[in-house]
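A.B. asks: This is the structure, below, for whatever I ask next.
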Amino acid sequence: MTVDRIGERLRRYRRAANKTLNQVAKESGLTASFLSQAERNLTGVSISSLANIAKSLGVPLNSLFDQPTQAQPDSHQGERVRYTIEGQPLAYERLSTSFPGNLLNAVKVSMPVGYQSELIAHEGSEFAYVLSGRIVYTVDGRQYPLAAGDSIHFDAGKPHYLANVGDQAAEVLTVTTMGLFDDLVTR
């Protein structure tokens, strides 16, 4: 048995939802051309974009790709599972857990030199703290250069993207109210 690549999963779930690329694009805040490339595995898709697409398609995010669980409220350096999303150069470490009423989702993101994300907008707010490297967040057309120790907090409903503009890999702590994990742990 072969495992579907993300593009095939996106296409299969979109067709099952009886939605066109344009409908999903409008609902997810992405472009139809970007979604078309993603379905053909020609471009990587960030976790934020996948969360928007999953919401548009009415499927759990973990149906599009596998994420590690974080059952305990504490996580420790060296014990977290580092993961990637197929076709995407970013590496993630999940920092937060799921519980009823949770509003915050946190990940540590490692991005290579030259990386630039797709333009996205999503519900809620986003906070990022640069741990190392130099990045630029562009929010609603305005650039915010950030280096280690700098942060940004903004309305994630405004179109935004980020880029590693430094000469080394960058690490960023990102906290968002967007649902990044749908593995609600019941206790």
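Lettering and numbering for the structure tokens are positional, with chains as A, B, ... in the shown order, residues counted from 1 in each chain, and ligands counted from 1 in the shown order.
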Can you list every residue of segment 98-137 of chain A that has an atom at most 12 Å from segment 10-30 of chain A, with its nearest atom pair and the distance in Å to one decimal, using only C-alpha atoms, ordered by chain then number, as JSON lines?

C.D. replies:
{"residue": "A:Ser117", "atom": "CA", "partner": "A:Leu30", "partner_atom": "CA", "distance": 11.8}
{"residue": "A:Glu118", "atom": "CA", "partner": "A:Leu30", "partner_atom": "CA", "distance": 8.3}
{"residue": "A:Leu119", "atom": "CA", "partner": "A:Leu30", "partner_atom": "CA", "distance": 7.1}
{"residue": "A:Ile120", "atom": "CA", "partner": "A:Gly29", "partner_atom": "CA", "distance": 5.9}
{"residue": "A:Ala121", "atom": "CA", "partner": "A:Gly29", "partner_atom": "CA", "distance": 5.7}
{"residue": "A:His122", "atom": "CA", "partner": "A:Gly29", "partner_atom": "CA", "distance": 7.1}
{"residue": "A:Glu123", "atom": "CA", "partner": "A:Ser28", "partner_atom": "CA", "distance": 10.1}

A.B. asks: If you keep all heavy atoms, can you produce a file of those selected residues as an mmCIF file, in the first residue's frame?

C.D. replies:
data_model
loop_
_atom_site.group_PDB
_atom_site.id
_atom_site.type_symbol
_atom_site.label_atom_id
_atom_site.label_comp_id
_atom_site.auth_asym_id
_atom_site.auth_seq_id
_atom_site.Cartn_x
_atom_site.Cartn_y
_atom_site.Cartn_z
ATOM 1 N N SER A 117 7.495 32.096 3.125
ATOM 2 C CA SER A 117 6.210 31.406 3.184
ATOM 3 C C SER A 117 5.260 31.959 2.134
ATOM 4 O O SER A 117 5.511 33.003 1.539
ATOM 5 C CB SER A 117 5.587 31.562 4.576
ATOM 6 O OG SER A 117 5.119 32.888 4.773
ATOM 7 N N GLU A 118 4.154 31.272 1.959
ATOM 8 C CA GLU A 118 3.091 31.768 1.110
ATOM 9 C C GLU A 118 2.330 32.870 1.850
ATOM 10 O O GLU A 118 2.375 32.951 3.070
ATOM 11 C CB GLU A 118 2.146 30.632 0.698
ATOM 12 C CG GLU A 118 1.413 29.962 1.857
ATOM 13 C CD GLU A 118 2.182 28.814 2.503
ATOM 14 O OE1 GLU A 118 3.426 28.790 2.422
ATOM 15 O OE2 GLU A 118 1.529 27.957 3.115
ATOM 16 N N LEU A 119 1.642 33.719 1.122
ATOM 17 C CA LEU A 119 0.804 34.760 1.707
ATOM 18 C C LEU A 119 -0.439 34.094 2.280
ATOM 19 O O LEU A 119 -1.085 33.290 1.603
ATOM 20 C CB LEU A 119 0.413 35.789 0.638
ATOM 21 C CG LEU A 119 -0.428 36.964 1.100
ATOM 22 C CD1 LEU A 119 0.375 37.854 2.049
ATOM 23 C CD2 LEU A 119 -0.900 37.770 -0.108
ATOM 24 N N ILE A 120 -0.765 34.415 3.525
ATOM 25 C CA ILE A 120 -1.903 33.782 4.187
ATOM 26 C C ILE A 120 -2.583 34.780 5.111
ATOM 27 O O ILE A 120 -1.969 35.742 5.575
ATOM 28 C CB ILE A 120 -1.464 32.524 4.977
ATOM 29 C CG1 ILE A 120 -2.676 31.759 5.508
ATOM 30 C CG2 ILE A 120 -0.498 32.884 6.082
ATOM 31 C CD1 ILE A 120 -2.348 30.394 6.063
ATOM 32 N N ALA A 121 -3.838 34.533 5.368
ATOM 33 C CA ALA A 121 -4.592 35.248 6.394
ATOM 34 C C ALA A 121 -5.462 34.189 7.070
ATOM 35 O O ALA A 121 -5.928 33.265 6.417
ATOM 36 C CB ALA A 121 -5.456 36.339 5.774
ATOM 37 N N HIS A 122 -5.630 34.293 8.366
ATOM 38 C CA HIS A 122 -6.467 33.327 9.085
ATOM 39 C C HIS A 122 -7.051 34.002 10.317
ATOM 40 O O HIS A 122 -6.604 35.067 10.734
ATOM 41 C CB HIS A 122 -5.674 32.066 9.457
ATOM 42 C CG HIS A 122 -4.409 32.322 10.213
ATOM 43 N ND1 HIS A 122 -4.371 32.482 11.572
ATOM 44 C CD2 HIS A 122 -3.134 32.454 9.783
ATOM 45 C CE1 HIS A 122 -3.118 32.697 11.960
ATOM 46 N NE2 HIS A 122 -2.341 32.689 10.878
ATOM 47 N N GLU A 123 -8.031 33.361 10.884
ATOM 48 C CA GLU A 123 -8.690 33.953 12.052
ATOM 49 C C GLU A 123 -7.751 34.018 13.238
ATOM 50 O O GLU A 123 -6.756 33.288 13.317
ATOM 51 C CB GLU A 123 -9.944 33.157 12.397
ATOM 52 C CG GLU A 123 -9.650 31.736 12.808
ATOM 53 C CD GLU A 123 -10.901 30.893 12.990
ATOM 54 O OE1 GLU A 123 -11.928 31.193 12.362
ATOM 55 O OE2 GLU A 123 -10.835 29.936 13.769
#

A.B. asks: Can you pull out the residues contacting Phe181 of chain A? Cut-off 9 Å, using only C-alpha atoms, and skip same-chain residues under 3 positions away; I want them as number ranges by chain.

C.D. replies: A: 51, 60-62, 67, 69, 96-98, 105, 178, 184

A.B. asks: If you keep all heavy atoms, can you produce a file of those selected residues as a PDB file, in the first residue's frame?

C.D. replies:
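Everything below was put into part27.pdb:
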ATOM      1  N   ALA A  51      -4.033  24.211   7.926  1.00  0.00           N
ATOM      2  CA  ALA A  51      -5.135  24.366   8.881  1.00  0.00           C
ATOM      3  C   ALA A  51      -6.310  25.098   8.227  1.00  0.00           C
ATOM      4  O   ALA A  51      -7.471  24.720   8.418  1.00  0.00           O
ATOM      5  CB  ALA A  51      -4.653  25.110  10.127  1.00  0.00           C
ATOM      6  N   PRO A  60     -10.454  17.082   9.762  1.00  0.00           N
ATOM      7  CA  PRO A  60      -9.446  17.368  10.784  1.00  0.00           C
ATOM      8  C   PRO A  60      -8.088  17.600  10.132  1.00  0.00           C
ATOM      9  O   PRO A  60      -7.757  16.956   9.125  1.00  0.00           O
ATOM     10  CB  PRO A  60      -9.422  16.113  11.650  1.00  0.00           C
ATOM     11  CG  PRO A  60     -10.479  15.204  11.160  1.00  0.00           C
ATOM     12  CD  PRO A  60     -10.991  15.735   9.863  1.00  0.00           C
ATOM     13  N   LEU A  61      -7.318  18.500  10.697  1.00  0.00           N
ATOM     14  CA  LEU A  61      -5.990  18.802  10.167  1.00  0.00           C
ATOM     15  C   LEU A  61      -5.120  17.551  10.086  1.00  0.00           C
ATOM     16  O   LEU A  61      -4.392  17.356   9.120  1.00  0.00           O
ATOM     17  CB  LEU A  61      -5.307  19.880  11.018  1.00  0.00           C
ATOM     18  CG  LEU A  61      -3.905  20.305  10.605  1.00  0.00           C
ATOM     19  CD1 LEU A  61      -3.880  20.827   9.173  1.00  0.00           C
ATOM     20  CD2 LEU A  61      -3.381  21.355  11.561  1.00  0.00           C
ATOM     21  N   ASN A  62      -5.215  16.681  11.075  1.00  0.00           N
ATOM     22  CA  ASN A  62      -4.361  15.494  11.071  1.00  0.00           C
ATOM     23  C   ASN A  62      -4.741  14.482   9.987  1.00  0.00           C
ATOM     24  O   ASN A  62      -4.056  13.492   9.802  1.00  0.00           O
ATOM     25  CB  ASN A  62      -4.271  14.840  12.452  1.00  0.00           C
ATOM     26  CG  ASN A  62      -5.597  14.339  12.965  1.00  0.00           C
ATOM     27  OD1 ASN A  62      -6.582  14.255  12.230  1.00  0.00           O
ATOM     28  ND2 ASN A  62      -5.647  14.014  14.241  1.00  0.00           N
ATOM     29  N   GLN A  67       0.963  14.698  12.734  1.00  0.00           N
ATOM     30  CA  GLN A  67       1.664  15.533  13.710  1.00  0.00           C
ATOM     31  C   GLN A  67       1.850  14.729  14.992  1.00  0.00           C
ATOM     32  O   GLN A  67       1.004  13.913  15.329  1.00  0.00           O
ATOM     33  CB  GLN A  67       0.830  16.762  14.083  1.00  0.00           C
ATOM     34  CG  GLN A  67       0.610  17.757  12.990  1.00  0.00           C
ATOM     35  CD  GLN A  67      -0.152  18.953  13.529  1.00  0.00           C
ATOM     36  OE1 GLN A  67       0.455  19.879  14.000  1.00  0.00           O
ATOM     37  NE2 GLN A  67      -1.464  18.912  13.472  1.00  0.00           N
ATOM     38  N   THR A  69       1.710  14.003  18.936  1.00  0.00           N
ATOM     39  CA  THR A  69       0.828  14.464  20.007  1.00  0.00           C
ATOM     40  C   THR A  69       1.668  15.068  21.122  1.00  0.00           C
ATOM     41  O   THR A  69       2.876  14.837  21.201  1.00  0.00           O
ATOM     42  CB  THR A  69      -0.013  13.298  20.577  1.00  0.00           C
ATOM     43  OG1 THR A  69       0.875  12.304  21.072  1.00  0.00           O
ATOM     44  CG2 THR A  69      -0.931  12.716  19.510  1.00  0.00           C
ATOM     45  N   SER A  96       2.818  22.974  22.587  1.00  0.00           N
ATOM     46  CA  SER A  96       1.592  23.042  23.381  1.00  0.00           C
ATOM     47  C   SER A  96       0.778  21.765  23.271  1.00  0.00           C
ATOM     48  O   SER A  96       0.930  20.980  22.344  1.00  0.00           O
ATOM     49  CB  SER A  96       0.749  24.246  22.952  1.00  0.00           C
ATOM     50  OG  SER A  96       0.403  24.161  21.587  1.00  0.00           O
ATOM     51  N   THR A  97      -0.096  21.601  24.232  1.00  0.00           N
ATOM     52  CA  THR A  97      -0.973  20.441  24.291  1.00  0.00           C
ATOM     53  C   THR A  97      -2.393  20.867  23.931  1.00  0.00           C
ATOM     54  O   THR A  97      -2.643  22.043  23.657  1.00  0.00           O
ATOM     55  CB  THR A  97      -0.915  19.808  25.698  1.00  0.00           C
ATOM     56  OG1 THR A  97      -1.623  18.571  25.681  1.00  0.00           O
ATOM     57  CG2 THR A  97      -1.517  20.702  26.763  1.00  0.00           C
ATOM     58  N   SER A  98      -3.310  19.931  23.927  1.00  0.00           N
ATOM     59  CA  SER A  98      -4.720  20.219  23.654  1.00  0.00           C
ATOM     60  C   SER A  98      -5.545  19.869  24.881  1.00  0.00           C
ATOM     61  O   SER A  98      -5.280  18.876  25.546  1.00  0.00           O
ATOM     62  CB  SER A  98      -5.212  19.385  22.462  1.00  0.00           C
ATOM     63  OG  SER A  98      -4.503  19.707  21.301  1.00  0.00           O
ATOM     64  N   ASN A 105      -1.974  27.838  20.595  1.00  0.00           N
ATOM     65  CA  ASN A 105      -1.225  26.741  19.988  1.00  0.00           C
ATOM     66  C   ASN A 105       0.177  27.254  19.704  1.00  0.00           C
ATOM     67  O   ASN A 105       0.339  28.302  19.075  1.00  0.00           O
ATOM     68  CB  ASN A 105      -1.899  26.292  18.692  1.00  0.00           C
ATOM     69  CG  ASN A 105      -3.276  25.724  18.970  1.00  0.00           C
ATOM     70  OD1 ASN A 105      -3.394  24.600  19.422  1.00  0.00           O
ATOM     71  ND2 ASN A 105      -4.312  26.512  18.740  1.00  0.00           N
ATOM     72  N   MET A 178      -5.054  30.211  16.132  1.00  0.00           N
ATOM     73  CA  MET A 178      -5.532  29.328  15.072  1.00  0.00           C
ATOM     74  C   MET A 178      -5.387  27.886  15.529  1.00  0.00           C
ATOM     75  O   MET A 178      -4.377  27.520  16.129  1.00  0.00           O
ATOM     76  CB  MET A 178      -4.699  29.563  13.813  1.00  0.00           C
ATOM     77  CG  MET A 178      -5.005  28.605  12.700  1.00  0.00           C
ATOM     78  SD  MET A 178      -3.875  28.886  11.330  1.00  0.00           S
ATOM     79  CE  MET A 178      -5.012  28.700   9.992  1.00  0.00           C
ATOM     80  N   LEU A 184      -7.519  16.531  20.533  1.00  0.00           N
ATOM     81  CA  LEU A 184      -8.001  16.807  21.881  1.00  0.00           C
ATOM     82  C   LEU A 184      -7.839  15.587  22.778  1.00  0.00           C
ATOM     83  O   LEU A 184      -8.322  14.496  22.487  1.00  0.00           O
ATOM     84  CB  LEU A 184      -9.469  17.224  21.842  1.00  0.00           C
ATOM     85  CG  LEU A 184     -10.048  17.733  23.154  1.00  0.00           C
ATOM     86  CD1 LEU A 184      -9.304  18.973  23.616  1.00  0.00           C
ATOM     87  CD2 LEU A 184     -11.516  18.024  23.001  1.00  0.00           C
TER      88      LEU A 184
END

A.B. asks: List every residue of segment 5-127 of chain A that DSSP, applied to the backbone of this structure, assigns to helix (DSSP H, G or I), and report them as a short mmCIF file (atom, residue, chain, number, x, y, z; two decimals) with N, CA, C and O atoms, in the first residue's frame.

C.D. replies:
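The resulting part13.cif:
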data_model
loop_
_atom_site.label_atom_id
_atom_site.label_comp_id
_atom_site.auth_asym_id
_atom_site.auth_seq_id
_atom_site.Cartn_x
_atom_site.Cartn_y
_atom_site.Cartn_z
N ILE A 6 0.79 14.67 0.26
CA ILE A 6 -0.14 15.72 0.69
C ILE A 6 -1.00 16.21 -0.47
O ILE A 6 -2.19 16.42 -0.32
N GLY A 7 -0.40 16.40 -1.63
CA GLY A 7 -1.16 16.88 -2.78
C GLY A 7 -2.34 15.99 -3.12
O GLY A 7 -3.45 16.47 -3.37
N GLU A 8 -2.10 14.67 -3.10
CA GLU A 8 -3.19 13.74 -3.40
C GLU A 8 -4.28 13.80 -2.32
O GLU A 8 -5.46 13.73 -2.61
N ARG A 9 -3.86 13.95 -1.07
CA ARG A 9 -4.84 14.06 0.01
C ARG A 9 -5.68 15.34 -0.15
O ARG A 9 -6.90 15.31 0.00
N LEU A 10 -5.01 16.44 -0.47
CA LEU A 10 -5.73 17.70 -0.67
C LEU A 10 -6.77 17.56 -1.77
O LEU A 10 -7.93 17.96 -1.61
N ARG A 11 -6.35 17.00 -2.89
CA ARG A 11 -7.27 16.84 -4.03
C ARG A 11 -8.43 15.91 -3.67
O ARG A 11 -9.59 16.20 -3.96
N ARG A 12 -8.11 14.78 -3.03
CA ARG A 12 -9.15 13.81 -2.68
C ARG A 12 -10.18 14.42 -1.73
O ARG A 12 -11.39 14.30 -1.95
N TYR A 13 -9.72 15.12 -0.68
CA TYR A 13 -10.67 15.73 0.26
C TYR A 13 -11.44 16.88 -0.37
O TYR A 13 -12.61 17.08 -0.08
N ARG A 14 -10.79 17.64 -1.27
CA ARG A 14 -11.50 18.73 -1.94
C ARG A 14 -12.61 18.17 -2.82
O ARG A 14 -13.74 18.67 -2.81
N ARG A 15 -12.30 17.13 -3.56
CA ARG A 15 -13.32 16.52 -4.44
C ARG A 15 -14.44 15.89 -3.61
O ARG A 15 -15.61 15.99 -3.98
N ALA A 16 -14.09 15.25 -2.49
CA ALA A 16 -15.10 14.66 -1.62
C ALA A 16 -16.04 15.73 -1.05
O ALA A 16 -17.21 15.47 -0.81
N LEU A 21 -11.30 24.49 -6.78
CA LEU A 21 -10.09 25.16 -6.28
C LEU A 21 -10.42 26.59 -5.88
O LEU A 21 -9.94 27.08 -4.86
N ASN A 22 -11.24 27.26 -6.68
CA ASN A 22 -11.60 28.66 -6.37
C ASN A 22 -12.37 28.78 -5.07
O ASN A 22 -12.16 29.73 -4.31
N GLN A 23 -13.27 27.83 -4.80
CA GLN A 23 -14.03 27.87 -3.54
C GLN A 23 -13.10 27.69 -2.34
O GLN A 23 -13.18 28.43 -1.37
N VAL A 24 -12.22 26.71 -2.41
CA VAL A 24 -11.30 26.45 -1.30
C VAL A 24 -10.34 27.63 -1.15
O VAL A 24 -10.02 28.05 -0.03
N ALA A 25 -9.90 28.20 -2.26
CA ALA A 25 -9.01 29.36 -2.20
C ALA A 25 -9.68 30.51 -1.47
O ALA A 25 -9.09 31.12 -0.57
N LYS A 26 -10.90 30.81 -1.84
CA LYS A 26 -11.63 31.92 -1.20
C LYS A 26 -11.82 31.66 0.30
O LYS A 26 -11.61 32.55 1.12
N GLU A 27 -12.19 30.44 0.65
CA GLU A 27 -12.45 30.12 2.05
C GLU A 27 -11.19 30.01 2.89
O GLU A 27 -11.22 30.23 4.09
N SER A 28 -10.06 29.68 2.26
CA SER A 28 -8.82 29.48 3.02
C SER A 28 -7.88 30.67 2.98
O SER A 28 -6.85 30.67 3.65
N ALA A 32 -6.01 30.19 -5.90
CA ALA A 32 -6.31 28.94 -6.60
C ALA A 32 -5.05 28.39 -7.26
O ALA A 32 -4.85 27.17 -7.28
N SER A 33 -4.18 29.27 -7.77
CA SER A 33 -2.96 28.77 -8.41
C SER A 33 -2.04 28.11 -7.38
O SER A 33 -1.42 27.08 -7.67
N PHE A 34 -1.95 28.68 -6.17
CA PHE A 34 -1.14 28.06 -5.12
C PHE A 34 -1.71 26.68 -4.77
O PHE A 34 -0.97 25.69 -4.66
N LEU A 35 -3.05 26.60 -4.59
CA LEU A 35 -3.68 25.32 -4.25
C LEU A 35 -3.47 24.29 -5.36
O LEU A 35 -3.22 23.11 -5.08
N SER A 36 -3.55 24.72 -6.61
CA SER A 36 -3.31 23.83 -7.73
C SER A 36 -1.89 23.26 -7.68
O SER A 36 -1.68 22.06 -7.86
N GLN A 37 -0.92 24.13 -7.41
CA GLN A 37 0.47 23.67 -7.29
C GLN A 37 0.62 22.72 -6.11
O GLN A 37 1.34 21.71 -6.20
N ALA A 38 -0.04 23.02 -5.00
CA ALA A 38 0.03 22.15 -3.82
C ALA A 38 -0.56 20.77 -4.13
O ALA A 38 0.00 19.75 -3.74
N GLU A 39 -1.69 20.73 -4.84
CA GLU A 39 -2.32 19.46 -5.17
C GLU A 39 -1.45 18.63 -6.11
O GLU A 39 -1.55 17.41 -6.14
N ILE A 47 1.98 24.81 7.80
CA ILE A 47 0.99 24.28 8.74
C ILE A 47 -0.22 25.23 8.85
O ILE A 47 -1.36 24.77 8.93
N SER A 48 0.01 26.54 8.80
CA SER A 48 -1.10 27.50 8.87
C SER A 48 -2.01 27.37 7.65
O SER A 48 -3.24 27.38 7.78
N SER A 49 -1.42 27.24 6.47
CA SER A 49 -2.23 27.07 5.26
C SER A 49 -2.99 25.76 5.30
O SER A 49 -4.16 25.70 4.92
N LEU A 50 -2.33 24.69 5.76
CA LEU A 50 -3.02 23.41 5.86
C LEU A 50 -4.20 23.48 6.83
O LEU A 50 -5.24 22.89 6.58
N ALA A 51 -4.03 24.21 7.93
CA ALA A 51 -5.13 24.37 8.88
C ALA A 51 -6.31 25.10 8.23
O ALA A 51 -7.47 24.72 8.42
N ASN A 52 -6.02 26.13 7.44
CA ASN A 52 -7.09 26.85 6.73
C ASN A 52 -7.77 25.95 5.70
O ASN A 52 -9.00 25.98 5.55
N ILE A 53 -6.99 25.17 4.98
CA ILE A 53 -7.55 24.27 3.97
C ILE A 53 -8.41 23.21 4.64
O ILE A 53 -9.52 22.92 4.18
N ALA A 54 -7.91 22.62 5.72
CA ALA A 54 -8.68 21.60 6.44
C ALA A 54 -10.02 22.16 6.92
O ALA A 54 -11.05 21.50 6.80
N LYS A 55 -10.00 23.38 7.42
CA LYS A 55 -11.24 24.01 7.88
C LYS A 55 -12.20 24.19 6.72
O LYS A 55 -13.39 23.91 6.83
N SER A 56 -11.70 24.65 5.58
CA SER A 56 -12.53 24.84 4.40
C SER A 56 -13.15 23.52 3.94
O SER A 56 -14.30 23.49 3.50
N LEU A 57 -12.38 22.44 4.04
CA LEU A 57 -12.85 21.13 3.58
C LEU A 57 -13.66 20.38 4.64
O LEU A 57 -14.24 19.33 4.34
N LEU A 61 -7.32 18.50 10.70
CA LEU A 61 -5.99 18.80 10.17
C LEU A 61 -5.12 17.55 10.09
O LEU A 61 -4.39 17.36 9.12
N ASN A 62 -5.22 16.68 11.07
CA ASN A 62 -4.36 15.49 11.07
C ASN A 62 -4.74 14.48 9.99
O ASN A 62 -4.06 13.49 9.80
N SER A 63 -5.82 14.74 9.24
CA SER A 63 -6.12 13.88 8.10
C SER A 63 -5.26 14.26 6.90
O SER A 63 -5.10 13.48 5.97
#

A.B. asks: As a VMD selection string, please: every residue in chain A that DSSP puts in strand (DSSP E).

C.D. replies: chain A and resid 82 to 84 91 to 94 105 to 111 125 to 132 134 to 139 142 to 147 151 to 155 160 to 164 170 to 176

A.B. asks: Would you tabulate, counting only C-alpha atoms, all residues of segment 70-110 of chain A that have an atom at most 9 Å from an atom of segment 156-171 of chain A, showing the closest pair of atoms and their distance in Å to one decimal, sorted by chain then ascending number, as a tab-separated table?

C.D. replies:
residue	atom	partner	partner_atom	distance
A:Lys108	CA	A:Glu171	CA	6.8
A:Val109	CA	A:Glu171	CA	5.5
A:Ser110	CA	A:Glu171	CA	4.5

A.B. asks: Filtering to C-alpha atoms, could you give me those residues as a PDB file, in the first residue's frame?

C.D. replies:
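Okay, result.pdb is ready:
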ATOM      1  CA  LYS A 108       9.006  26.226  17.416  1.00  0.00           C
ATOM      2  CA  VAL A 109       9.723  26.700  13.728  1.00  0.00           C
ATOM      3  CA  SER A 110      13.137  26.217  12.116  1.00  0.00           C
TER       4      SER A 110
END

A.B. asks: Point out the residue among A:Ala106, A:Ser125, A:Val113, A:Pro68 with the least atom-to-atom distance to Tyr83 of chain A, counting only C-alpha atoms.

C.D. replies: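 So, comparing all the options, the nearest one is A:Pro68.
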
A.B. asks: Could you tell me how far atom CA of Gly44 of chain A sits from atom CA of Thr84 of chain A, in Å to one decimal place?

C.D. replies: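 Atom CA of Thr84 of chain A sits 10.5 Å away from atom CA of Gly44 of chain A.
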
A.B. asks: Taking 5 positions as the minimum chain separation for residues in the same chain, which residues sit within 8 Å of segment 145-152 of chain A when counting only C-alpha atoms? Answer as number ranges by chain.

C.D. replies: A: 127-137

A.B. asks: What does the file look like for those residues with N, CA, C and O atoms, as a PDB file, in the first residue's frame?

C.D. replies:
ATOM      1  N   PHE A 127       1.517  35.537  17.416  1.00  0.00           N
ATOM      2  CA  PHE A 127       2.658  36.117  18.118  1.00  0.00           C
ATOM      3  C   PHE A 127       3.884  35.312  17.715  1.00  0.00           C
ATOM      4  O   PHE A 127       3.835  34.081  17.672  1.00  0.00           O
ATOM      5  N   ALA A 128       4.968  35.996  17.404  1.00  0.00           N
ATOM      6  CA  ALA A 128       6.212  35.308  17.071  1.00  0.00           C
ATOM      7  C   ALA A 128       7.361  35.969  17.814  1.00  0.00           C
ATOM      8  O   ALA A 128       7.427  37.195  17.921  1.00  0.00           O
ATOM      9  N   TYR A 129       8.265  35.143  18.327  1.00  0.00           N
ATOM     10  CA  TYR A 129       9.460  35.588  19.037  1.00  0.00           C
ATOM     11  C   TYR A 129      10.648  34.904  18.364  1.00  0.00           C
ATOM     12  O   TYR A 129      10.696  33.674  18.270  1.00  0.00           O
ATOM     13  N   VAL A 130      11.580  35.704  17.877  1.00  0.00           N
ATOM     14  CA  VAL A 130      12.729  35.156  17.155  1.00  0.00           C
ATOM     15  C   VAL A 130      13.768  34.652  18.162  1.00  0.00           C
ATOM     16  O   VAL A 130      14.272  35.422  18.985  1.00  0.00           O
ATOM     17  N   LEU A 131      14.071  33.371  18.083  1.00  0.00           N
ATOM     18  CA  LEU A 131      15.061  32.756  18.956  1.00  0.00           C
ATOM     19  C   LEU A 131      16.466  32.910  18.381  1.00  0.00           C
ATOM     20  O   LEU A 131      17.421  33.124  19.122  1.00  0.00           O
ATOM     21  N   SER A 132      16.586  32.783  17.050  1.00  0.00           N
ATOM     22  CA  SER A 132      17.877  32.965  16.387  1.00  0.00           C
ATOM     23  C   SER A 132      17.642  33.318  14.930  1.00  0.00           C
ATOM     24  O   SER A 132      16.605  32.994  14.358  1.00  0.00           O
ATOM     25  N   GLY A 133      18.625  33.993  14.341  1.00  0.00           N
ATOM     26  CA  GLY A 133      18.537  34.357  12.940  1.00  0.00           C
ATOM     27  C   GLY A 133      17.875  35.709  12.725  1.00  0.00           C
ATOM     28  O   GLY A 133      17.595  36.450  13.674  1.00  0.00           O
ATOM     29  N   ARG A 134      17.625  36.002  11.452  1.00  0.00           N
ATOM     30  CA  ARG A 134      16.979  37.255  11.062  1.00  0.00           C
ATOM     31  C   ARG A 134      15.851  36.947  10.093  1.00  0.00           C
ATOM     32  O   ARG A 134      16.070  36.290   9.078  1.00  0.00           O
ATOM     33  N   ILE A 135      14.658  37.423  10.422  1.00  0.00           N
ATOM     34  CA  ILE A 135      13.499  37.204   9.568  1.00  0.00           C
ATOM     35  C   ILE A 135      12.814  38.535   9.314  1.00  0.00           C
ATOM     36  O   ILE A 135      13.084  39.535   9.993  1.00  0.00           O
ATOM     37  N   VAL A 136      11.925  38.529   8.337  1.00  0.00           N
ATOM     38  CA  VAL A 136      11.053  39.670   8.089  1.00  0.00           C
ATOM     39  C   VAL A 136       9.635  39.138   8.003  1.00  0.00           C
ATOM     40  O   VAL A 136       9.358  38.223   7.223  1.00  0.00           O
ATOM     41  N   TYR A 137       8.757  39.675   8.841  1.00  0.00           N
ATOM     42  CA  TYR A 137       7.325  39.427   8.711  1.00  0.00           C
ATOM     43  C   TYR A 137       6.770  40.562   7.877  1.00  0.00           C
ATOM     44  O   TYR A 137       7.079  41.729   8.127  1.00  0.00           O
TER      45      TYR A 137
END

A.B. asks: Could you work out how far atom CA of Val45 of chain A lies from atom CA of Ile85 of chain A, giving the answer in Å with one decimal?

C.D. replies: 7.6 Å

A.B. asks: Given the choices A:Gly101, A:Phe154, A:Gly114, A:Glu93, which gets closest to Arg142 of chain A if the distance is worked out from only C-alpha atoms?

C.D. replies: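 Nearest candidate to Arg142 of chain A out of A:Gly101, A:Phe154, A:Gly114, A:Glu93: A:Phe154.
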
A.B. asks: Rank A:Leu103, A:Leu95, A:Val59, A:Leu90 by their smallest atom-to-atom distance to Pro73 of chain A, using only C-alpha atoms, and report the top residue only.

C.D. replies: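 Nearest candidate to Pro73 of chain A out of A:Leu103, A:Leu95, A:Val59, A:Leu90: A:Leu95.
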